[in-house]
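**Q** This one is protein_3.cif, mmCIF, C-alpha atoms.
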```cif
data_query
loop_
_atom_site.group_PDB
_atom_site.id
_atom_site.type_symbol
_atom_site.label_atom_id
_atom_site.label_comp_id
_atom_site.auth_asym_id
_atom_site.auth_seq_id
_atom_site.Cartn_x
_atom_site.Cartn_y
_atom_site.Cartn_z
ATOM 1 C CA MET P 1 -10.682 -13.442 -19.023
ATOM 2 C CA LYS P 2 -11.728 -14.484 -15.527
ATOM 3 C CA PHE P 3 -11.213 -12.090 -12.648
ATOM 4 C CA TRP P 4 -11.855 -11.816 -8.925
ATOM 5 C CA LYS P 5 -12.740 -8.613 -7.093
ATOM 6 C CA TYR P 6 -11.087 -8.214 -3.658
ATOM 7 C CA HIS P 7 -10.675 -5.427 -1.169
ATOM 8 C CA GLY P 8 -8.491 -4.745 1.851
ATOM 9 C CA LEU P 9 -10.386 -2.235 4.021
ATOM 10 C CA GLY P 10 -12.092 -0.805 0.944
ATOM 11 C CA ASN P 11 -8.859 -0.501 -1.071
ATOM 12 C CA ASP P 12 -10.221 -2.577 -3.948
ATOM 13 C CA PHE P 13 -8.628 -4.581 -6.727
ATOM 14 C CA VAL P 14 -9.397 -6.671 -9.764
ATOM 15 C CA LEU P 15 -7.252 -9.816 -9.446
ATOM 16 C CA VAL P 16 -6.209 -11.716 -12.570
ATOM 17 C CA GLU P 17 -4.359 -15.044 -12.651
ATOM 18 C CA ASN P 18 -1.594 -14.361 -15.142
ATOM 19 C CA LEU P 19 0.179 -17.691 -14.758
ATOM 20 C CA ASP P 20 0.655 -18.006 -18.532
ATOM 21 C CA GLY P 21 1.960 -14.454 -18.848
ATOM 22 C CA LYS P 22 -0.643 -13.448 -21.429
ATOM 23 C CA ALA P 23 -2.875 -11.072 -19.438
ATOM 24 C CA PRO P 24 -2.779 -7.520 -20.845
ATOM 25 C CA LYS P 25 -1.083 -4.792 -18.770
ATOM 26 C CA ASP P 26 -1.219 -1.894 -21.202
ATOM 27 C CA PRO P 27 -2.382 1.369 -19.588
ATOM 28 C CA ASP P 28 -5.508 1.736 -21.747
ATOM 29 C CA HIS P 29 -6.746 -1.733 -20.749
ATOM 30 C CA VAL P 30 -6.018 -1.084 -17.070
ATOM 31 C CA ARG P 31 -7.822 2.258 -17.081
ATOM 32 C CA VAL P 32 -10.927 0.753 -18.723
ATOM 33 C CA VAL P 33 -11.100 -2.207 -16.309
ATOM 34 C CA CYS P 34 -10.616 0.033 -13.249
ATOM 35 C CA HIS P 35 -13.119 2.688 -14.381
ATOM 36 C CA ARG P 36 -15.993 2.775 -11.889
ATOM 37 C CA ARG P 37 -18.654 3.524 -14.486
ATOM 38 C CA PHE P 38 -17.407 1.901 -17.681
ATOM 39 C CA GLY P 39 -15.460 -1.031 -16.207
ATOM 40 C CA VAL P 40 -15.359 -3.325 -13.191
ATOM 41 C CA GLY P 41 -14.177 -0.494 -10.936
ATOM 42 C CA ALA P 42 -11.059 -0.706 -8.747
ATOM 43 C CA ASP P 43 -8.062 1.152 -7.371
ATOM 44 C CA GLY P 44 -5.861 -1.173 -9.408
ATOM 45 C CA ILE P 45 -5.288 -4.603 -10.950
ATOM 46 C CA LEU P 46 -3.365 -7.387 -9.185
ATOM 47 C CA TYR P 47 -1.635 -9.947 -11.396
ATOM 48 C CA LEU P 48 -0.842 -13.339 -9.863
ATOM 49 C CA GLU P 49 2.245 -14.611 -11.688
ATOM 50 C CA ARG P 50 4.843 -17.331 -11.490
ATOM 51 C CA SER P 51 8.145 -16.742 -9.717
ATOM 52 C CA GLU P 52 11.558 -18.367 -9.577
ATOM 53 C CA LYS P 53 12.373 -16.625 -6.279
ATOM 54 C CA ALA P 54 9.184 -17.222 -4.263
ATOM 55 C CA ASP P 55 5.949 -19.226 -4.243
ATOM 56 C CA TYR P 56 4.325 -16.684 -6.564
ATOM 57 C CA ALA P 57 4.839 -13.153 -7.839
ATOM 58 C CA MET P 58 2.598 -10.080 -7.749
ATOM 59 C CA ARG P 59 2.461 -7.185 -10.184
ATOM 60 C CA VAL P 60 0.250 -4.161 -9.467
ATOM 61 C CA MET P 61 -1.110 -1.657 -11.966
ATOM 62 C CA ASN P 62 -2.726 1.507 -10.605
ATOM 63 C CA SER P 63 -6.068 2.709 -11.921
ATOM 64 C CA ASP P 64 -4.326 5.390 -14.019
ATOM 65 C CA GLY P 65 -2.349 2.716 -15.881
ATOM 66 C CA SER P 66 0.964 3.211 -14.054
ATOM 67 C CA GLU P 67 2.724 0.386 -12.214
ATOM 68 C CA ALA P 68 3.268 0.341 -8.442
ATOM 69 C CA GLU P 69 6.346 -1.272 -6.906
ATOM 70 C CA MET P 70 4.419 -2.489 -3.860
ATOM 71 C CA CYS P 71 0.924 -2.706 -2.385
ATOM 72 C CA GLY P 72 0.338 -3.905 1.173
ATOM 73 C CA ASN P 73 -3.433 -4.321 0.888
ATOM 74 C CA GLY P 74 -2.921 -6.038 -2.447
ATOM 75 C CA LEU P 75 -0.505 -8.533 -0.880
ATOM 76 C CA ARG P 76 -3.097 -9.556 1.704
ATOM 77 C CA CYS P 77 -5.734 -9.981 -1.004
ATOM 78 C CA LEU P 78 -3.351 -12.008 -3.163
ATOM 79 C CA ALA P 79 -2.418 -14.240 -0.208
ATOM 80 C CA LYS P 80 -6.103 -14.883 0.501
ATOM 81 C CA HIS P 81 -6.684 -15.793 -3.135
ATOM 82 C CA ILE P 82 -3.690 -18.142 -3.233
ATOM 83 C CA TYR P 83 -4.809 -20.016 -0.107
ATOM 84 C CA ASP P 84 -8.580 -19.988 -0.641
ATOM 85 C CA LEU P 85 -8.307 -21.314 -4.194
ATOM 86 C CA GLY P 86 -5.910 -24.070 -3.173
ATOM 87 C CA HIS P 87 -2.784 -22.858 -4.932
ATOM 88 C CA ILE P 88 -1.031 -23.356 -1.558
ATOM 89 C CA SER P 89 -2.282 -25.413 1.383
ATOM 90 C CA ARG P 90 0.089 -24.068 4.052
ATOM 91 C CA THR P 91 -0.524 -20.859 6.020
ATOM 92 C CA GLU P 92 2.877 -19.324 5.274
ATOM 93 C CA MET P 93 3.939 -18.217 1.803
ATOM 94 C CA SER P 94 6.307 -15.929 -0.063
ATOM 95 C CA ILE P 95 5.399 -13.499 -2.828
ATOM 96 C CA GLU P 96 7.870 -11.777 -5.120
ATOM 97 C CA THR P 97 7.248 -8.091 -5.883
ATOM 98 C CA PRO P 98 9.326 -5.456 -7.709
ATOM 99 C CA ALA P 99 10.282 -4.249 -4.199
ATOM 100 C CA GLY P 100 11.558 -7.701 -3.128
ATOM 101 C CA VAL P 101 10.222 -10.997 -1.763
ATOM 102 C CA MET P 102 7.566 -10.589 0.962
ATOM 103 C CA HIS P 103 6.697 -13.273 3.526
ATOM 104 C CA ILE P 104 3.091 -13.668 4.623
ATOM 105 C CA LYS P 105 1.298 -15.687 7.288
ATOM 106 C CA VAL P 106 -2.471 -16.088 7.037
ATOM 107 C CA GLU P 107 -5.102 -16.821 9.672
ATOM 108 C CA VAL P 108 -7.885 -19.141 8.537
ATOM 109 C CA GLU P 109 -11.501 -19.308 9.706
ATOM 110 C CA GLY P 110 -13.935 -21.824 8.226
ATOM 111 C CA GLY P 111 -11.406 -22.863 5.597
ATOM 112 C CA LYS P 112 -10.970 -19.293 4.289
ATOM 113 C CA VAL P 113 -8.371 -16.640 5.042
ATOM 114 C CA SER P 114 -9.686 -13.897 7.319
ATOM 115 C CA THR P 115 -6.499 -12.035 8.223
ATOM 116 C CA ALA P 116 -2.954 -11.871 6.897
ATOM 117 C CA THR P 117 0.265 -10.655 8.488
ATOM 118 C CA VAL P 118 2.892 -9.404 6.052
ATOM 119 C CA ASP P 119 6.597 -8.999 6.787
ATOM 120 C CA MET P 120 7.190 -5.821 4.784
ATOM 121 C CA GLY P 121 10.953 -5.778 5.368
ATOM 122 C CA GLY P 122 12.777 -2.704 6.612
ATOM 123 C CA PRO P 123 11.875 0.874 5.671
ATOM 124 C CA ILE P 124 14.043 2.935 3.331
ATOM 125 C CA LEU P 125 14.953 6.363 4.725
ATOM 126 C CA ASP P 126 17.859 7.421 2.503
ATOM 127 C CA CYS P 127 16.535 10.147 0.176
ATOM 128 C CA PRO P 128 18.101 9.002 -3.128
ATOM 129 C CA ALA P 129 16.766 5.463 -2.560
ATOM 130 C CA ILE P 130 13.175 6.610 -1.856
ATOM 131 C CA PRO P 131 13.709 8.325 -4.418
ATOM 132 C CA MET P 132 13.901 12.026 -3.529
ATOM 133 C CA VAL P 133 15.964 14.881 -4.877
ATOM 134 C CA CYS P 134 17.898 15.433 -1.643
ATOM 135 C CA GLN P 135 20.499 13.769 0.565
ATOM 136 C CA GLY P 136 20.340 12.046 3.960
ATOM 137 C CA ARG P 137 16.991 11.559 5.660
ATOM 138 C CA PHE P 138 13.899 13.699 5.199
ATOM 139 C CA ILE P 139 12.257 13.507 8.632
ATOM 140 C CA ASP P 140 10.058 16.355 9.917
ATOM 141 C CA GLN P 141 11.451 18.684 7.270
ATOM 142 C CA PRO P 142 9.803 21.742 5.714
ATOM 143 C CA ILE P 143 8.255 21.304 2.286
ATOM 144 C CA ASN P 144 6.704 24.167 0.332
ATOM 145 C CA VAL P 145 3.524 23.464 -1.599
ATOM 146 C CA GLY P 146 0.839 25.742 -2.994
ATOM 147 C CA GLY P 147 2.257 28.798 -1.210
ATOM 148 C CA ARG P 148 2.256 27.031 2.172
ATOM 149 C CA GLU P 149 5.057 25.517 4.235
ATOM 150 C CA LEU P 150 4.224 22.100 5.665
ATOM 151 C CA HIS P 151 6.417 19.625 7.535
ATOM 152 C CA GLY P 152 6.765 16.108 6.206
ATOM 153 C CA SER P 153 8.677 12.857 6.622
ATOM 154 C CA ALA P 154 9.628 10.648 3.684
ATOM 155 C CA VAL P 155 9.692 6.849 3.993
ATOM 156 C CA SER P 156 9.771 4.143 1.353
ATOM 157 C CA MET P 157 8.223 0.722 1.948
ATOM 158 C CA GLY P 158 9.238 -0.327 -1.551
ATOM 159 C CA ASN P 159 7.223 2.654 -2.816
ATOM 160 C CA PRO P 160 7.575 6.305 -1.771
ATOM 161 C CA HIS P 161 5.487 7.985 0.930
ATOM 162 C CA LEU P 162 5.320 11.496 2.329
ATOM 163 C CA ILE P 163 3.779 11.648 5.799
ATOM 164 C CA ILE P 164 2.257 14.920 7.034
ATOM 165 C CA PHE P 165 1.386 15.393 10.722
ATOM 166 C CA ASP P 166 0.371 19.072 10.367
ATOM 167 C CA GLU P 167 -3.230 19.784 11.325
ATOM 168 C CA LEU P 168 -5.168 20.352 8.112
ATOM 169 C CA ASP P 169 -8.866 20.433 7.331
ATOM 170 C CA GLN P 170 -10.389 18.359 4.528
ATOM 171 C CA GLU P 171 -10.397 21.265 2.086
ATOM 172 C CA GLU P 172 -6.660 21.754 2.639
ATOM 173 C CA MET P 173 -5.974 18.031 2.244
ATOM 174 C CA ASP P 174 -7.994 17.973 -0.979
ATOM 175 C CA ARG P 175 -5.861 20.844 -2.242
ATOM 176 C CA PHE P 176 -2.427 19.672 -1.107
ATOM 177 C CA GLY P 177 -2.780 15.926 -1.806
ATOM 178 C CA PRO P 178 -2.456 16.131 -5.620
ATOM 179 C CA LEU P 179 0.218 18.861 -5.381
ATOM 180 C CA LEU P 180 2.373 16.828 -2.996
ATOM 181 C CA GLU P 181 1.913 13.645 -5.063
ATOM 182 C CA ARG P 182 3.774 15.282 -7.942
ATOM 183 C CA HIS P 183 6.064 17.573 -5.921
ATOM 184 C CA GLU P 184 9.407 18.288 -7.579
ATOM 185 C CA LEU P 185 11.269 16.558 -4.718
ATOM 186 C CA PHE P 186 9.806 13.208 -5.859
ATOM 187 C CA PRO P 187 10.943 12.286 -9.391
ATOM 188 C CA ARG P 188 8.616 9.248 -9.483
ATOM 189 C CA LYS P 189 5.817 11.022 -7.594
ATOM 190 C CA THR P 190 4.782 9.905 -4.105
ATOM 191 C CA ASN P 191 1.921 8.636 -1.995
ATOM 192 C CA VAL P 192 0.770 11.217 0.565
ATOM 193 C CA GLU P 193 -0.432 10.457 4.105
ATOM 194 C CA PHE P 194 -2.230 13.004 6.284
ATOM 195 C CA VAL P 195 -2.116 11.858 9.919
ATOM 196 C CA LYS P 196 -3.789 12.705 13.209
ATOM 197 C CA SER P 197 -3.011 10.972 16.519
ATOM 198 C CA VAL P 198 -6.097 10.279 18.662
ATOM 199 C CA ASP P 199 -5.732 8.370 21.967
ATOM 200 C CA GLY P 200 -2.733 6.412 20.694
ATOM 201 C CA ILE P 201 -4.415 5.543 17.377
ATOM 202 C CA LEU P 202 -3.083 7.052 14.164
ATOM 203 C CA GLU P 203 -5.943 8.259 11.982
ATOM 204 C CA LEU P 204 -4.859 8.324 8.369
ATOM 205 C CA LYS P 205 -6.113 9.649 5.050
ATOM 206 C CA VAL P 206 -4.156 8.677 1.945
ATOM 207 C CA TYR P 207 -3.809 10.298 -1.448
ATOM 208 C CA GLU P 208 -2.294 7.429 -3.425
ATOM 209 C CA ARG P 209 0.084 7.912 -6.300
ATOM 210 C CA GLY P 210 -1.759 6.964 -9.464
ATOM 211 C CA ALA P 211 -5.107 6.317 -7.743
ATOM 212 C CA GLY P 212 -6.106 9.438 -5.787
ATOM 213 C CA TRP P 213 -7.990 9.192 -2.500
ATOM 214 C CA THR P 214 -8.396 5.578 -1.393
ATOM 215 C CA MET P 215 -10.115 3.860 1.511
ATOM 216 C CA ALA P 216 -6.868 2.326 2.782
ATOM 217 C CA CYS P 217 -3.179 1.921 1.986
ATOM 218 C CA GLY P 218 -1.112 -0.829 3.619
ATOM 219 C CA THR P 219 2.321 0.499 2.720
ATOM 220 C CA GLY P 220 1.114 3.967 3.720
ATOM 221 C CA ALA P 221 0.100 2.694 7.152
ATOM 222 C CA CYS P 222 3.539 1.079 7.556
ATOM 223 C CA ALA P 223 5.395 4.204 6.450
ATOM 224 C CA THR P 224 3.275 6.328 8.789
ATOM 225 C CA VAL P 225 4.095 4.234 11.867
ATOM 226 C CA VAL P 226 7.799 4.298 10.946
ATOM 227 C CA ALA P 227 7.684 8.099 10.784
ATOM 228 C CA ALA P 228 5.601 8.319 13.968
ATOM 229 C CA ALA P 229 8.065 6.104 15.878
ATOM 230 C CA LEU P 230 11.041 8.154 14.684
ATOM 231 C CA LEU P 231 9.262 11.325 15.846
ATOM 232 C CA GLY P 232 8.255 9.878 19.217
ATOM 233 C CA LYS P 233 4.567 9.766 18.312
ATOM 234 C CA ALA P 234 4.364 5.933 18.455
ATOM 235 C CA HIS P 235 6.265 3.104 20.151
ATOM 236 C CA PHE P 236 8.791 0.824 18.506
ATOM 237 C CA ASN P 237 8.411 -2.965 18.988
ATOM 238 C CA GLU P 238 4.657 -2.674 19.665
ATOM 239 C CA GLU P 239 1.656 -3.056 17.391
ATOM 240 C CA VAL P 240 0.181 0.355 16.614
ATOM 241 C CA GLN P 241 -3.366 0.674 15.359
ATOM 242 C CA VAL P 242 -3.812 2.736 12.218
ATOM 243 C CA ARG P 243 -7.379 3.770 11.464
ATOM 244 C CA LEU P 244 -8.160 4.419 7.797
ATOM 245 C CA PRO P 245 -11.490 5.337 6.169
ATOM 246 C CA GLY P 246 -11.991 1.626 5.346
ATOM 247 C CA GLY P 247 -11.027 0.223 8.769
ATOM 248 C CA GLY P 248 -8.031 -0.631 10.935
ATOM 249 C CA LEU P 249 -4.568 -2.096 10.398
ATOM 250 C CA TRP P 250 -2.019 -3.088 13.033
ATOM 251 C CA ILE P 251 1.591 -2.127 12.336
ATOM 252 C CA LYS P 252 4.756 -3.048 14.253
ATOM 253 C CA VAL P 253 8.125 -1.390 13.661
ATOM 254 C CA TRP P 254 11.297 -3.004 14.980
ATOM 255 C CA LYS P 255 13.532 -0.610 16.962
ATOM 256 C CA ASP P 256 16.532 -1.344 14.720
ATOM 257 C CA LEU P 257 14.337 -0.656 11.649
ATOM 258 C CA SER P 258 15.116 -4.128 10.325
ATOM 259 C CA LYS P 259 11.469 -5.069 9.876
ATOM 260 C CA VAL P 260 7.922 -3.747 9.696
ATOM 261 C CA THR P 261 4.916 -6.062 9.947
ATOM 262 C CA MET P 262 1.364 -5.308 8.884
ATOM 263 C CA ARG P 263 -1.693 -7.243 10.086
ATOM 264 C CA GLY P 264 -5.154 -6.828 8.614
ATOM 265 C CA PRO P 265 -8.118 -8.384 6.765
ATOM 266 C CA ALA P 266 -8.768 -9.203 3.120
ATOM 267 C CA SER P 267 -12.150 -9.893 1.545
ATOM 268 C CA LEU P 268 -13.485 -11.423 -1.664
ATOM 269 C CA VAL P 269 -16.316 -9.386 -3.163
ATOM 270 C CA PHE P 270 -17.245 -11.302 -6.329
ATOM 271 C CA GLU P 271 -15.832 -13.003 -9.408
ATOM 272 C CA GLY P 272 -16.686 -12.637 -13.062
ATOM 273 C CA GLN P 273 -15.606 -12.568 -16.686
ATOM 274 C CA ILE P 274 -14.222 -9.684 -18.711
#
```
Could I get this file's structure written as structure tokens?

**A**
Amino acid sequence: MKFWKYHGLGNDFVLVENLDGKAPKDPDHVRVVCHRRFGVGADGILYLERSEKADYAMRVMNSDGSEAEMCGNGLRCLAKHIYDLGHISRTEMSIETPAGVMHIKVEVEGGKVSTATVDMGGPILDCPAIPMVCQGRFIDQPINVGGRELHGSAVSMGNPHLIIFDELDQEEMDRFGPLLERHELFPRKTNVEFVKSVDGILELKVYERGAGWTMACGTGACATVVAAALLGKAHFNEEVQVRLPGGGLWIKVWKDLSKVTMRGPASLVFEGQI
């Protein structure tokens, strides 16, 4: 089986063209392929598939074998693959995901995609739809974890996120990340973002559901800027830079919360055979 290895700011993926629908998705296979010592090594597997609703479809399996509803960095990598390999010759495309159809515009340099801007749609703030075991919105609310009370904001960008602006050191983040991921308020677990604002830039570390600490998370960056704008820590209708361990993304949140766009790079690392 042929594969391509991509990354978006260090958030890395094995991409498989599953246009005939025969590529394996069972958890054991996914865990072996993503293992960084016994497999190719990746945060997850991207499956390029056919769609009746869009140009193509994307399925994402996390490195632990679970499926993710959405992946912003993965979308940019998939869009680069689709354009660079000639599946589509135009610079605008649509990709179906379990979270809905996403629209992407790519920027091309030397015949290859360098940057992609993704229309991520509007954020989901209603607790049951995130999903969370509560009602209304969960914005700057107390959440008890490991004997400590933190304050968090919950936002879904097709997948759940809990954003924490409390000042924590790395040891505390290492402790609370896994506990918050599987907190009882989140029946399907959650991604966890720890945020610090520095000179108008949001510095972000992400403990991803099903993958652990990652170099970057596109949906996490989007959810973080939504929460920051609602809390007055970032501006609506302006691109906000989010700095992750793997590099920077630029996120824009519409004031009426109708749309969030994400702009950032995608890179091919290598290709091979499994």

**Q** When distances are computed from all atoms listed in the file, which of P:Leu268, P:Glu239, P:Glu92, P:Ser153 shows the smallest separation from P:Lys112?

**A**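 Residue with the minimum atom-to-atom distance to P:Lys112: P:Leu268.
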
**Q** Could you name the residues that touch P:Met61 at 12 Å or less, counting only C-alpha atoms, but leaving out those on the same chain fewer than 6 positions away, as a PyMOL selection string?

**A** chain P and resi 13-16+24-31+33-34+42-48+67-71+74+98+209-211

**Q** Specify the axis-aligned box that encloses all atoms of stretch 195-203 of chain P listed in the file after padding of 4 Å on each side, stating its centre and edge lengths in Å to one decimal as JSON.

**A**
```
{"center_x": -4.1, "center_y": 9.1, "center_z": 15.9, "size_x": 12.0, "size_y": 15.2, "size_z": 20.0}
```

**Q** Considering all atoms listed in the file, tabulate each residue of stretch 127-169 of chain P that lies at most 7 Å from stretch 219-234 of chain P along with its nearest interatomic pair and the corresponding distance in Å to one decimal; arrange the rows by chain and ascending residue number and present them as CSV.

**A**
```
residue,atom,partner,partner_atom,distance
P:Ser153,CA,P:Ala227,CA,6.4
P:Val155,CA,P:Ala223,CA,5.6
P:Ser156,CA,P:Ala223,CA,6.7
P:Met157,CA,P:Thr219,CA,6.0
P:His161,CA,P:Gly220,CA,6.6
P:Ile163,CA,P:Thr224,CA,6.1
```

**Q** On this structure, the PyMOL selection byres ((chain P and resi 138) around 10) would catch which residues? List them as a ChimeraX atom specification, sorted by chain and number.

**A** /P:125-127,132,134-137,139-143,151-155,162

**Q** Please provide the set of residues having any atom within 12 Å of P:Val206, restricted to all atoms listed in the file, with same-chain residues fewer than 3 positions apart removed, written as a ChimeraX atom specification.

**A** /P:11,161-164,170,173-174,176-178,180-181,190-196,203,209-221,223-224,242-246

**Q** Can you write just those residues out, C-alpha atoms, as an mmCIF file, in the frame of the given file?

**A**
```
data_model
loop_
_atom_site.group_PDB
_atom_site.id
_atom_site.type_symbol
_atom_site.label_atom_id
_atom_site.label_comp_id
_atom_site.auth_asym_id
_atom_site.auth_seq_id
_atom_site.Cartn_x
_atom_site.Cartn_y
_atom_site.Cartn_z
ATOM 1 C CA ASN P 11 -8.859 -0.501 -1.071
ATOM 2 C CA HIS P 161 5.487 7.985 0.930
ATOM 3 C CA LEU P 162 5.320 11.496 2.329
ATOM 4 C CA ILE P 163 3.779 11.648 5.799
ATOM 5 C CA ILE P 164 2.257 14.920 7.034
ATOM 6 C CA GLN P 170 -10.389 18.359 4.528
ATOM 7 C CA MET P 173 -5.974 18.031 2.244
ATOM 8 C CA ASP P 174 -7.994 17.973 -0.979
ATOM 9 C CA PHE P 176 -2.427 19.672 -1.107
ATOM 10 C CA GLY P 177 -2.780 15.926 -1.806
ATOM 11 C CA PRO P 178 -2.456 16.131 -5.620
ATOM 12 C CA LEU P 180 2.373 16.828 -2.996
ATOM 13 C CA GLU P 181 1.913 13.645 -5.063
ATOM 14 C CA THR P 190 4.782 9.905 -4.105
ATOM 15 C CA ASN P 191 1.921 8.636 -1.995
ATOM 16 C CA VAL P 192 0.770 11.217 0.565
ATOM 17 C CA GLU P 193 -0.432 10.457 4.105
ATOM 18 C CA PHE P 194 -2.230 13.004 6.284
ATOM 19 C CA VAL P 195 -2.116 11.858 9.919
ATOM 20 C CA LYS P 196 -3.789 12.705 13.209
ATOM 21 C CA GLU P 203 -5.943 8.259 11.982
ATOM 22 C CA ARG P 209 0.084 7.912 -6.300
ATOM 23 C CA GLY P 210 -1.759 6.964 -9.464
ATOM 24 C CA ALA P 211 -5.107 6.317 -7.743
ATOM 25 C CA GLY P 212 -6.106 9.438 -5.787
ATOM 26 C CA TRP P 213 -7.990 9.192 -2.500
ATOM 27 C CA THR P 214 -8.396 5.578 -1.393
ATOM 28 C CA MET P 215 -10.115 3.860 1.511
ATOM 29 C CA ALA P 216 -6.868 2.326 2.782
ATOM 30 C CA CYS P 217 -3.179 1.921 1.986
ATOM 31 C CA GLY P 218 -1.112 -0.829 3.619
ATOM 32 C CA THR P 219 2.321 0.499 2.720
ATOM 33 C CA GLY P 220 1.114 3.967 3.720
ATOM 34 C CA ALA P 221 0.100 2.694 7.152
ATOM 35 C CA ALA P 223 5.395 4.204 6.450
ATOM 36 C CA THR P 224 3.275 6.328 8.789
ATOM 37 C CA VAL P 242 -3.812 2.736 12.218
ATOM 38 C CA ARG P 243 -7.379 3.770 11.464
ATOM 39 C CA LEU P 244 -8.160 4.419 7.797
ATOM 40 C CA PRO P 245 -11.490 5.337 6.169
ATOM 41 C CA GLY P 246 -11.991 1.626 5.346
#
```
